[in-house]
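With mmCIF, C-alpha atoms and all ligand atoms inside, this is coords29.cif:
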```
data_my_file
#
loop_
_atom_site.group_PDB
_atom_site.id
_atom_site.type_symbol
_atom_site.label_atom_id
_atom_site.label_comp_id
_atom_site.auth_asym_id
_atom_site.auth_seq_id
_atom_site.Cartn_x
_atom_site.Cartn_y
_atom_site.Cartn_z
ATOM 1 C CA MET A 121 257.383 -94.016 93.172
ATOM 2 C CA ARG A 122 255.958 -96.197 95.911
ATOM 3 C CA TYR A 123 255.166 -94.640 99.265
ATOM 4 C CA ALA A 124 254.130 -96.464 102.423
ATOM 5 C CA VAL A 125 251.666 -94.216 104.244
ATOM 6 C CA LEU A 126 251.259 -94.799 107.981
ATOM 7 C CA SER A 127 248.944 -92.983 110.368
ATOM 8 C CA ASP A 128 247.662 -93.096 113.940
ATOM 9 C CA ILE A 129 250.315 -95.299 115.505
ATOM 10 C CA HIS A 130 249.291 -94.179 119.002
ATOM 11 C CA GLY A 131 252.217 -95.595 120.945
ATOM 12 C CA ASN A 132 251.564 -99.153 119.773
ATOM 13 C CA LEU A 133 255.143 -100.348 119.170
ATOM 14 C CA PRO A 134 254.366 -104.034 118.396
ATOM 15 C CA ALA A 135 251.961 -102.879 115.650
ATOM 16 C CA LEU A 136 254.480 -100.376 114.219
ATOM 17 C CA GLN A 137 257.282 -102.957 114.231
ATOM 18 C CA ALA A 138 255.047 -105.504 112.466
ATOM 19 C CA VAL A 139 254.146 -102.971 109.772
ATOM 20 C CA LEU A 140 257.766 -101.892 109.188
ATOM 21 C CA GLU A 141 258.878 -105.530 108.949
ATOM 22 C CA GLN A 142 256.156 -106.325 106.447
ATOM 23 C CA LEU A 143 256.619 -103.231 104.225
ATOM 24 C CA GLY A 144 259.206 -104.539 101.812
ATOM 25 C CA SER A 145 260.850 -102.074 99.514
ATOM 26 C CA VAL A 146 259.280 -98.636 99.131
ATOM 27 C CA ASP A 147 260.803 -95.337 98.053
ATOM 28 C CA ALA A 148 259.709 -93.499 101.191
ATOM 29 C CA ILE A 149 257.606 -93.796 104.317
ATOM 30 C CA TRP A 150 255.206 -90.959 105.144
ATOM 31 C CA CYS A 151 253.538 -90.586 108.535
ATOM 32 C CA LEU A 152 250.239 -88.739 108.944
ATOM 33 C CA GLY A 153 250.582 -88.126 112.668
ATOM 34 C CA ASP A 154 249.281 -89.317 116.033
ATOM 35 C CA ILE A 155 252.509 -91.185 116.731
ATOM 36 C CA VAL A 156 251.624 -91.092 120.428
ATOM 37 C CA GLY A 157 248.583 -91.108 122.729
ATOM 38 C CA TYR A 158 246.613 -94.160 123.995
ATOM 39 C CA GLY A 159 249.502 -96.673 123.844
ATOM 40 C CA ALA A 160 252.296 -97.510 126.288
ATOM 41 C CA ASP A 161 255.348 -97.023 124.013
ATOM 42 C CA PRO A 162 255.325 -93.385 122.920
ATOM 43 C CA SER A 163 259.127 -92.960 122.975
ATOM 44 C CA GLY A 164 259.753 -96.215 121.111
ATOM 45 C CA CYS A 165 257.357 -95.151 118.361
ATOM 46 C CA VAL A 166 258.834 -91.631 118.110
ATOM 47 C CA ASP A 167 262.337 -93.126 117.877
ATOM 48 C CA LEU A 168 261.440 -95.623 115.188
ATOM 49 C CA LEU A 169 259.519 -93.145 113.043
ATOM 50 C CA ARG A 170 262.242 -90.500 113.306
ATOM 51 C CA LYS A 171 264.601 -93.111 111.854
ATOM 52 C CA THR A 172 262.308 -94.416 109.121
ATOM 53 C CA ALA A 173 259.749 -91.812 108.001
ATOM 54 C CA LYS A 174 260.866 -89.253 105.443
ATOM 55 C CA VAL A 175 257.958 -86.884 106.110
ATOM 56 C CA THR A 176 255.758 -86.670 109.207
ATOM 57 C CA VAL A 177 252.903 -84.292 109.948
ATOM 58 C CA GLN A 178 251.531 -83.514 113.407
ATOM 59 C CA GLY A 179 248.390 -85.148 114.792
ATOM 60 C CA ASN A 180 246.095 -83.781 117.466
ATOM 61 C CA HIS A 181 247.449 -86.283 120.026
ATOM 62 C CA ASP A 182 251.058 -85.369 119.148
ATOM 63 C CA LEU A 183 250.201 -81.713 119.766
ATOM 64 C CA ALA A 184 248.266 -82.355 122.988
ATOM 65 C CA CYS A 185 250.851 -84.756 124.444
ATOM 66 C CA ALA A 186 253.710 -82.375 123.600
ATOM 67 C CA THR A 187 252.132 -79.095 124.681
ATOM 68 C CA GLY A 188 248.787 -79.717 126.416
ATOM 69 C CA GLU A 189 247.017 -77.804 123.611
ATOM 70 C CA GLY A 190 243.564 -79.233 122.849
ATOM 71 C CA LEU A 191 243.610 -81.601 125.817
ATOM 72 C CA SER A 192 240.246 -80.224 126.969
ATOM 73 C CA CYS A 193 238.641 -81.610 123.757
ATOM 74 C CA PHE A 194 239.567 -85.206 124.664
ATOM 75 C CA ASN A 195 237.305 -87.763 126.342
ATOM 76 C CA SER A 196 238.422 -88.915 129.788
ATOM 77 C CA ASP A 197 240.351 -92.038 128.639
ATOM 78 C CA ALA A 198 242.171 -90.072 125.931
ATOM 79 C CA ALA A 199 242.951 -87.210 128.337
ATOM 80 C CA ARG A 200 244.281 -89.616 130.969
ATOM 81 C CA ALA A 201 246.454 -91.373 128.370
ATOM 82 C CA CYS A 202 247.640 -88.011 127.066
ATOM 83 C CA ARG A 203 248.767 -86.827 130.495
ATOM 84 C CA TRP A 204 250.539 -90.168 131.042
ATOM 85 C CA THR A 205 252.219 -89.847 127.624
ATOM 86 C CA LYS A 206 253.366 -86.280 128.307
ATOM 87 C CA ASP A 207 255.206 -87.516 131.420
ATOM 88 C CA ALA A 208 256.584 -90.603 129.651
ATOM 89 C CA LEU A 209 258.134 -88.600 126.791
ATOM 90 C CA SER A 210 261.548 -86.998 127.093
ATOM 91 C CA GLN A 211 261.866 -83.252 126.606
ATOM 92 C CA PRO A 212 263.552 -83.746 123.178
ATOM 93 C CA ASP A 213 260.687 -86.061 122.118
ATOM 94 C CA ARG A 214 258.103 -83.475 123.179
ATOM 95 C CA ALA A 215 260.033 -80.755 121.347
ATOM 96 C CA TYR A 216 260.142 -82.930 118.233
ATOM 97 C CA LEU A 217 256.378 -83.597 118.312
ATOM 98 C CA ALA A 218 255.656 -79.899 118.928
ATOM 99 C CA SER A 219 257.854 -78.944 115.975
ATOM 100 C CA LEU A 220 256.109 -81.122 113.391
ATOM 101 C CA PRO A 221 254.307 -79.267 110.575
ATOM 102 C CA SER A 222 250.535 -79.614 110.345
ATOM 103 C CA LEU A 223 250.663 -79.811 106.537
ATOM 104 C CA ALA A 224 253.290 -81.053 104.080
ATOM 105 C CA THR A 225 253.399 -81.425 100.305
ATOM 106 C CA PRO A 226 256.121 -83.931 99.397
ATOM 107 C CA ASP A 227 256.328 -84.805 95.701
ATOM 108 C CA GLY A 228 253.150 -82.877 94.895
ATOM 109 C CA ILE A 229 250.902 -84.756 97.314
ATOM 110 C CA THR A 230 249.238 -83.027 100.273
ATOM 111 C CA LEU A 231 249.610 -84.679 103.691
ATOM 112 C CA ALA A 232 247.516 -83.742 106.741
ATOM 113 C CA HIS A 233 246.467 -85.540 109.888
ATOM 114 C CA GLY A 234 242.812 -84.478 109.924
ATOM 115 C CA SER A 235 241.845 -82.615 106.752
ATOM 116 C CA PRO A 236 243.433 -80.158 104.325
ATOM 117 C CA SER A 237 241.234 -77.333 105.659
ATOM 118 C CA ASP A 238 241.691 -78.051 109.382
ATOM 119 C CA PRO A 239 244.817 -80.248 109.439
ATOM 120 C CA THR A 240 244.903 -81.031 113.136
ATOM 121 C CA TRP A 241 241.279 -81.553 114.157
ATOM 122 C CA GLU A 242 238.755 -82.096 111.328
ATOM 123 C CA TYR A 243 237.538 -85.641 110.526
ATOM 124 C CA VAL A 244 236.974 -86.503 106.860
ATOM 125 C CA ALA A 245 234.483 -89.296 107.468
ATOM 126 C CA SER A 246 231.836 -88.757 104.774
ATOM 127 C CA PRO A 247 231.563 -87.699 101.124
ATOM 128 C CA ARG A 248 229.782 -84.539 102.351
ATOM 129 C CA VAL A 249 232.799 -83.412 104.412
ATOM 130 C CA ALA A 250 235.199 -84.625 101.716
ATOM 131 C CA ALA A 251 233.362 -82.473 99.132
ATOM 132 C CA LEU A 252 234.081 -79.369 101.222
ATOM 133 C CA CYS A 253 237.743 -80.388 101.591
ATOM 134 C CA PHE A 254 238.563 -80.752 97.897
ATOM 135 C CA GLY A 255 238.616 -76.948 97.612
ATOM 136 C CA ALA A 256 241.190 -76.688 100.402
ATOM 137 C CA PHE A 257 244.176 -78.238 98.596
ATOM 138 C CA GLY A 258 245.673 -77.656 95.175
ATOM 139 C CA THR A 259 247.349 -80.993 94.473
ATOM 140 C CA PRO A 260 245.707 -83.994 92.762
ATOM 141 C CA MET A 261 245.775 -86.000 95.961
ATOM 142 C CA CYS A 262 245.557 -85.512 99.725
ATOM 143 C CA MET A 263 246.352 -88.164 102.325
ATOM 144 C CA VAL A 264 244.694 -87.891 105.749
ATOM 145 C CA GLY A 265 244.345 -90.002 108.898
ATOM 146 C CA HIS A 266 242.546 -89.219 112.188
ATOM 147 C CA THR A 267 239.368 -91.320 111.671
ATOM 148 C CA HIS A 268 241.273 -94.632 112.015
ATOM 149 C CA VAL A 269 239.146 -96.002 109.144
ATOM 150 C CA PRO A 270 240.611 -96.705 105.679
ATOM 151 C CA ALA A 271 238.791 -94.703 102.998
ATOM 152 C CA VAL A 272 239.034 -93.199 99.521
ATOM 153 C CA PHE A 273 237.001 -90.179 98.427
ATOM 154 C CA ARG A 274 237.017 -89.349 94.742
ATOM 155 C CA GLN A 275 236.079 -86.056 93.127
ATOM 156 C CA ALA A 276 235.166 -86.798 89.515
ATOM 157 C CA THR A 277 235.974 -84.321 86.777
ATOM 158 C CA ASP A 278 232.330 -83.086 86.932
ATOM 159 C CA GLY A 279 232.932 -82.194 90.618
ATOM 160 C CA ARG A 280 230.811 -84.948 92.149
ATOM 161 C CA VAL A 281 232.278 -86.672 95.198
ATOM 162 C CA SER A 282 231.844 -90.345 96.006
ATOM 163 C CA GLU A 283 233.361 -92.818 98.440
ATOM 164 C CA ILE A 284 235.199 -95.930 97.279
ATOM 165 C CA ARG A 285 235.331 -98.634 99.960
ATOM 166 C CA PRO A 286 238.842 -100.070 100.095
ATOM 167 C CA GLY A 287 238.974 -103.825 99.633
ATOM 168 C CA GLU A 288 241.503 -106.530 98.825
ATOM 169 C CA SER A 289 242.551 -105.114 95.455
ATOM 170 C CA ALA A 290 244.276 -101.807 94.866
ATOM 171 C CA VAL A 291 242.093 -98.773 94.115
ATOM 172 C CA SER A 292 242.723 -97.006 90.797
ATOM 173 C CA LEU A 293 243.531 -93.310 91.109
ATOM 174 C CA THR A 294 242.632 -92.088 87.635
ATOM 175 C CA GLY A 295 239.918 -89.735 86.430
ATOM 176 C CA GLY A 296 239.664 -87.286 89.274
ATOM 177 C CA ARG A 297 241.165 -86.042 92.511
ATOM 178 C CA PHE A 298 241.392 -88.102 95.664
ATOM 179 C CA ILE A 299 241.401 -87.905 99.458
ATOM 180 C CA ILE A 300 242.870 -91.117 100.860
ATOM 181 C CA ASN A 301 242.955 -92.423 104.431
ATOM 182 C CA PRO A 302 245.259 -95.408 105.082
ATOM 183 C CA GLY A 303 243.542 -96.344 108.375
ATOM 184 C CA SER A 304 245.361 -96.730 111.676
ATOM 185 C CA VAL A 305 248.496 -98.704 112.511
ATOM 186 C CA GLY A 306 247.990 -98.741 116.256
ATOM 187 C CA GLN A 307 244.266 -98.495 116.964
ATOM 188 C CA PRO A 308 242.087 -99.560 113.988
ATOM 189 C CA ARG A 309 238.406 -98.661 114.320
ATOM 190 C CA ASP A 310 236.885 -100.449 111.332
ATOM 191 C CA GLY A 311 236.139 -103.746 113.057
ATOM 192 C CA ASN A 312 239.413 -105.347 111.931
ATOM 193 C CA PRO A 313 242.047 -105.480 114.707
ATOM 194 C CA ALA A 314 244.989 -105.906 112.270
ATOM 195 C CA ALA A 315 247.295 -102.892 111.830
ATOM 196 C CA ALA A 316 246.429 -100.863 108.719
ATOM 197 C CA TYR A 317 248.548 -98.879 106.286
ATOM 198 C CA ALA A 318 248.506 -98.008 102.572
ATOM 199 C CA VAL A 319 250.957 -98.204 99.687
ATOM 200 C CA LEU A 320 250.568 -95.373 97.207
ATOM 201 C CA ASP A 321 252.065 -96.168 93.788
ATOM 202 C CA THR A 322 252.253 -93.007 91.709
ATOM 203 C CA SER A 323 253.560 -94.808 88.594
ATOM 204 C CA ALA A 324 250.758 -97.392 88.573
ATOM 205 C CA GLU A 325 248.298 -94.719 89.855
ATOM 206 C CA THR A 326 246.941 -97.019 92.532
ATOM 207 C CA VAL A 327 246.644 -97.198 96.278
ATOM 208 C CA ALA A 328 246.652 -100.560 98.045
ATOM 209 C CA PHE A 329 245.313 -101.068 101.564
ATOM 210 C CA VAL A 330 247.305 -103.522 103.644
ATOM 211 C CA ARG A 331 246.521 -105.230 106.958
ATOM 212 C CA VAL A 332 249.153 -106.777 109.197
ATOM 213 C CA ARG A 333 248.485 -109.015 112.175
ATOM 214 C CA TYR A 334 250.609 -108.175 115.198
ATOM 215 C CA PRO A 335 250.770 -109.454 118.807
ATOM 216 C CA VAL A 336 247.740 -107.548 120.150
ATOM 217 C CA THR A 337 248.014 -109.259 123.550
ATOM 218 C CA GLU A 338 251.550 -107.905 123.994
ATOM 219 C CA THR A 339 250.332 -104.339 123.341
ATOM 220 C CA GLN A 340 247.456 -104.911 125.762
ATOM 221 C CA ARG A 341 249.838 -106.234 128.426
ATOM 222 C CA ARG A 342 251.955 -103.075 128.140
ATOM 223 C CA ILE A 343 248.906 -100.774 128.348
ATOM 224 C CA LEU A 344 247.678 -102.491 131.505
ATOM 225 C CA ALA A 345 251.183 -102.592 133.027
ATOM 226 C CA ALA A 346 251.409 -98.815 132.504
ATOM 227 C CA ARG A 347 248.051 -98.446 134.335
ATOM 228 C CA LEU A 348 246.498 -96.760 131.344
ATOM 229 C CA PRO A 349 242.683 -97.100 131.036
ATOM 230 C CA ALA A 350 241.777 -100.797 130.496
ATOM 231 C CA ARG A 351 239.329 -99.877 127.724
ATOM 232 C CA LEU A 352 242.293 -98.743 125.601
ATOM 233 C CA ALA A 353 243.560 -102.329 125.769
ATOM 234 C CA THR A 354 240.272 -104.197 125.235
ATOM 235 C CA ARG A 355 239.209 -102.165 122.174
ATOM 236 C CA LEU A 356 242.317 -103.386 120.315
ATOM 237 C CA SER A 357 240.883 -106.935 120.299
ATOM 238 C CA TYR A 358 237.930 -105.762 118.230
ATOM 239 C CA GLY A 359 239.359 -102.959 116.109
ATOM 240 C CA ALA A 360 236.826 -100.643 117.728
HETATM 241 ZN ZN ZN B 401 244.381 -90.869 116.065
#
```
File written out as C-alpha cells:
Amino acid sequence: MRYAVLSDIHGNLPALQAVLEQLGSVDAIWCLGDIVGYGADPSGCVDLLRKTAKVTVQGNHDLACATGEGLSCFNSDAARACRWTKDALSQPDRAYLASLPSLATPDGITLAHGSPSDPTWEYVASPRVAALCFGAFGTPMCMVGHTHVPAVFRQATDGRVSEIRPGESAVSLTGGRFIINPGSVGQPRDGNPAAAYAVLDTSAETVAFVRVRYPVTETQRRILAARLPARLATRLSYGA
C-alpha cells in the first residue's frame, strides 16, 4: 500500500492544492493535523481535506482554533492568527476540528500530531526525545508532524535510536522501528520553502520525502489581505 502523509497545512490552500495535484495515485491520504492556524484559508483547507484524507488526527492549532484550548501556550503571532481563524471558521468546521481524534492506528501504523506519548503538544525533534517515544506505541511505525521538519528516527533491534536525515532517495524502513515526520505542507521550517509531504510504501518498506513548489506569493498576498501578522507571510519565503 502507498500512503501520502500530509501534515501542518496551516490554512495554506495554494500549497495544499499543489501537493494534491502532484500526488499521483496513492491508496490513501493521511493527515497528521494542524489543518488550520497561521494561514488565510482555513475553511478551504478543511473542506479539501475532508474530501480527500481517509484519516486525520487533531493538531494543537486545530484544537486551539476550534475550542480556545491551549491558546495561552501560543506566541503572539500564533495566538492572533488563531483568534482570526476561530472567527473565520464556520460552526460545523469548528465542530469537525474539535471532534478529530488525537491518535489513530490505520492499517497498523500509529498516527499522531506531536508524539505518541503526548499526541497534541510534544515535539519529537531529537533522537533523545524519540528514544522516550518508542515505548509509547505498539506498532512498528509512528508518523508525527508538529515540528515542520522532515525526519526519520530509527530504533534498531538492539534498542539504540538514531536519526536518518531524509534526502532525495527514499529511506529504507527495515531492521527496526521508526518514527517518521513528513515535514509541513503549509509552513516548512527546514530552510526549504517548498511544500513537504511523504509517501509511505509498505510493500517496498520505504518512505520517500517529496517537495512541491507552489505560488508562495499568492499565499502571502492572502495572509496580508486578511491582516494576519506580516511575519507569517515573510517566513514562507525562507521556509523558516
Ligand atoms: Zn504546526
(Q) Please enumerate the residues selected by the PyMOL selection byres (((not hetatm)) within 6 of (chain B and resi 401)) when evaluated against the supplied file, formatted as JSON, numbers by chain. (A) {"A": [128, 154, 266]}
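The closest residue to Val249 in chain A, picked from A:Glu141, A:Asp278, A:Glu283, A:Asp227 and counting all atoms listed in the file, is A:Glu283.
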Is it possible to get the axis-aligned box enclosing range 318-337 of chain A (all listed atoms, 3 Å extra per side) as lines of an AutoDock Vina configuration file, with centre and edge lengths in Å rounded to one decimal?
```
center_x = 249.4
center_y = -101.2
center_z = 106.1
size_x = 14.2
size_y = 22.4
size_z = 41.0
```
Q.
Could you tell me, as an NGL selection string, exactly which residues end up selected when the PyMOL selection byres (((chain A and resi 302) around 10) and not hetatm) is applied to this structure?
A. :A and (124-128 or 152 or 263-272 or 286 or 300-301 or 303-305 or 316-320 or 327-330)
Q. How would you write, as a ChimeraX atom specification, the residues chosen by the PyMOL selection byres (((chain A and resi 188) around 12) and not hetatm) on this structure?
A. /A:157,180-187,189-194,199-200,202-207,214,217-218
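Among the candidates A:Cys165, A:Gly179, A:Gln137, A:Arg341, the residue lying nearest to Trp241 in chain A is A:Gly179 (atoms considered: only C-alpha atoms).
From CA of Gly306 in chain A back to CA of Gly359 in chain A, the distance works out to 9.6 Å.
For the choices A:Pro221, A:Pro260, A:Pro134, A:Gly255, the atom-to-atom distance to Cys151 in chain A is smallest for A:Pro221 when using only C-alpha atoms.
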Q | Counting all atoms listed in the file, the residue of A:Ile299, A:Leu169, A:Ile343, A:Val177 that sits nearest Ser219 in chain A | A | A:Val177
Q | Who sits within 7 Å of Ala276 in chain A, only C-alpha atoms, same chain under 2 positions skipped, as a ChimeraX atom specification | A | /A:274,278-281,295-297
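Note that CA of Leu143 in chain A and CA of Ala201 in chain A are 28.8 Å apart.
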Q | Near-Tyr123 in chain A list (9 Å; all atoms listed in the file; drop same-chain fewer than 6 positions) as a list in words | A | Val146, Asp147, Ala148, Ile149, Trp150, Ala318, Val319, Leu320, Asp321 and Thr322 of chain A
Q | Within 8 Å of Ala250 in chain A using all atoms listed in the file, minus same-chain residues under 4 positions, as a list in words | A | Val244, Ala245, Ser246, Phe254, Phe273, Val281 and Ile299 of chain A
Mind dumping the selected residues with C-alpha atoms as a PDB file, in the coordinates of the input?
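Result file follows (part27.pdb):
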```pdb
ATOM      1  CA  VAL A 244     236.974 -86.503 106.860  1.00  0.00           C
ATOM      2  CA  ALA A 245     234.483 -89.296 107.468  1.00  0.00           C
ATOM      3  CA  SER A 246     231.836 -88.757 104.774  1.00  0.00           C
ATOM      4  CA  PHE A 254     238.563 -80.752  97.897  1.00  0.00           C
ATOM      5  CA  PHE A 273     237.001 -90.179  98.427  1.00  0.00           C
ATOM      6  CA  VAL A 281     232.278 -86.672  95.198  1.00  0.00           C
ATOM      7  CA  ILE A 299     241.401 -87.905  99.458  1.00  0.00           C
TER       8      ILE A 299
END
```
Q: Compute the distance from (249.5, -96.1, 125.6) to each atom, counting only C-alpha atoms, keep the residues with any atom at most 9 Å away, and return them as a PyMOL selection string; use the coordinates of the file.
A: chain A and resi 130-132+156-162+201-202+204-205+339+342-344+346+348-349+352-353
Can you write just those residues out, C-alpha atoms, as a PDB file, in the frame of the given file?
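Contents of part-v2.pdb, as written:
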```pdb
ATOM      1  CA  HIS A 130     249.291 -94.179 119.002  1.00  0.00           C
ATOM      2  CA  GLY A 131     252.217 -95.595 120.945  1.00  0.00           C
ATOM      3  CA  ASN A 132     251.564 -99.153 119.773  1.00  0.00           C
ATOM      4  CA  VAL A 156     251.624 -91.092 120.428  1.00  0.00           C
ATOM      5  CA  GLY A 157     248.583 -91.108 122.729  1.00  0.00           C
ATOM      6  CA  TYR A 158     246.613 -94.160 123.995  1.00  0.00           C
ATOM      7  CA  GLY A 159     249.502 -96.673 123.844  1.00  0.00           C
ATOM      8  CA  ALA A 160     252.296 -97.510 126.288  1.00  0.00           C
ATOM      9  CA  ASP A 161     255.348 -97.023 124.013  1.00  0.00           C
ATOM     10  CA  PRO A 162     255.325 -93.385 122.920  1.00  0.00           C
ATOM     11  CA  ALA A 201     246.454 -91.373 128.370  1.00  0.00           C
ATOM     12  CA  CYS A 202     247.640 -88.011 127.066  1.00  0.00           C
ATOM     13  CA  TRP A 204     250.539 -90.168 131.042  1.00  0.00           C
ATOM     14  CA  THR A 205     252.219 -89.847 127.624  1.00  0.00           C
ATOM     15  CA  THR A 339     250.332-104.339 123.341  1.00  0.00           C
ATOM     16  CA  ARG A 342     251.955-103.075 128.140  1.00  0.00           C
ATOM     17  CA  ILE A 343     248.906-100.774 128.348  1.00  0.00           C
ATOM     18  CA  LEU A 344     247.678-102.491 131.505  1.00  0.00           C
ATOM     19  CA  ALA A 346     251.409 -98.815 132.504  1.00  0.00           C
ATOM     20  CA  LEU A 348     246.498 -96.760 131.344  1.00  0.00           C
ATOM     21  CA  PRO A 349     242.683 -97.100 131.036  1.00  0.00           C
ATOM     22  CA  LEU A 352     242.293 -98.743 125.601  1.00  0.00           C
ATOM     23  CA  ALA A 353     243.560-102.329 125.769  1.00  0.00           C
TER      24      ALA A 353
END
```
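Of the listed residues (A:Phe298, A:Tyr334, A:Pro239, A:Tyr358), A:Tyr334 comes nearest to Leu140 in chain A; the distances count all atoms listed in the file.
Each of A:Ala345, A:Leu136, A:Leu168, A:Val175 was checked against Ser222 in chain A using all atoms listed in the file; the smallest atom-to-atom distance is that of A:Val175.
Atom pair CA of Leu293 in chain A / CA of Met121 in chain A: separated by 14.0 Å.
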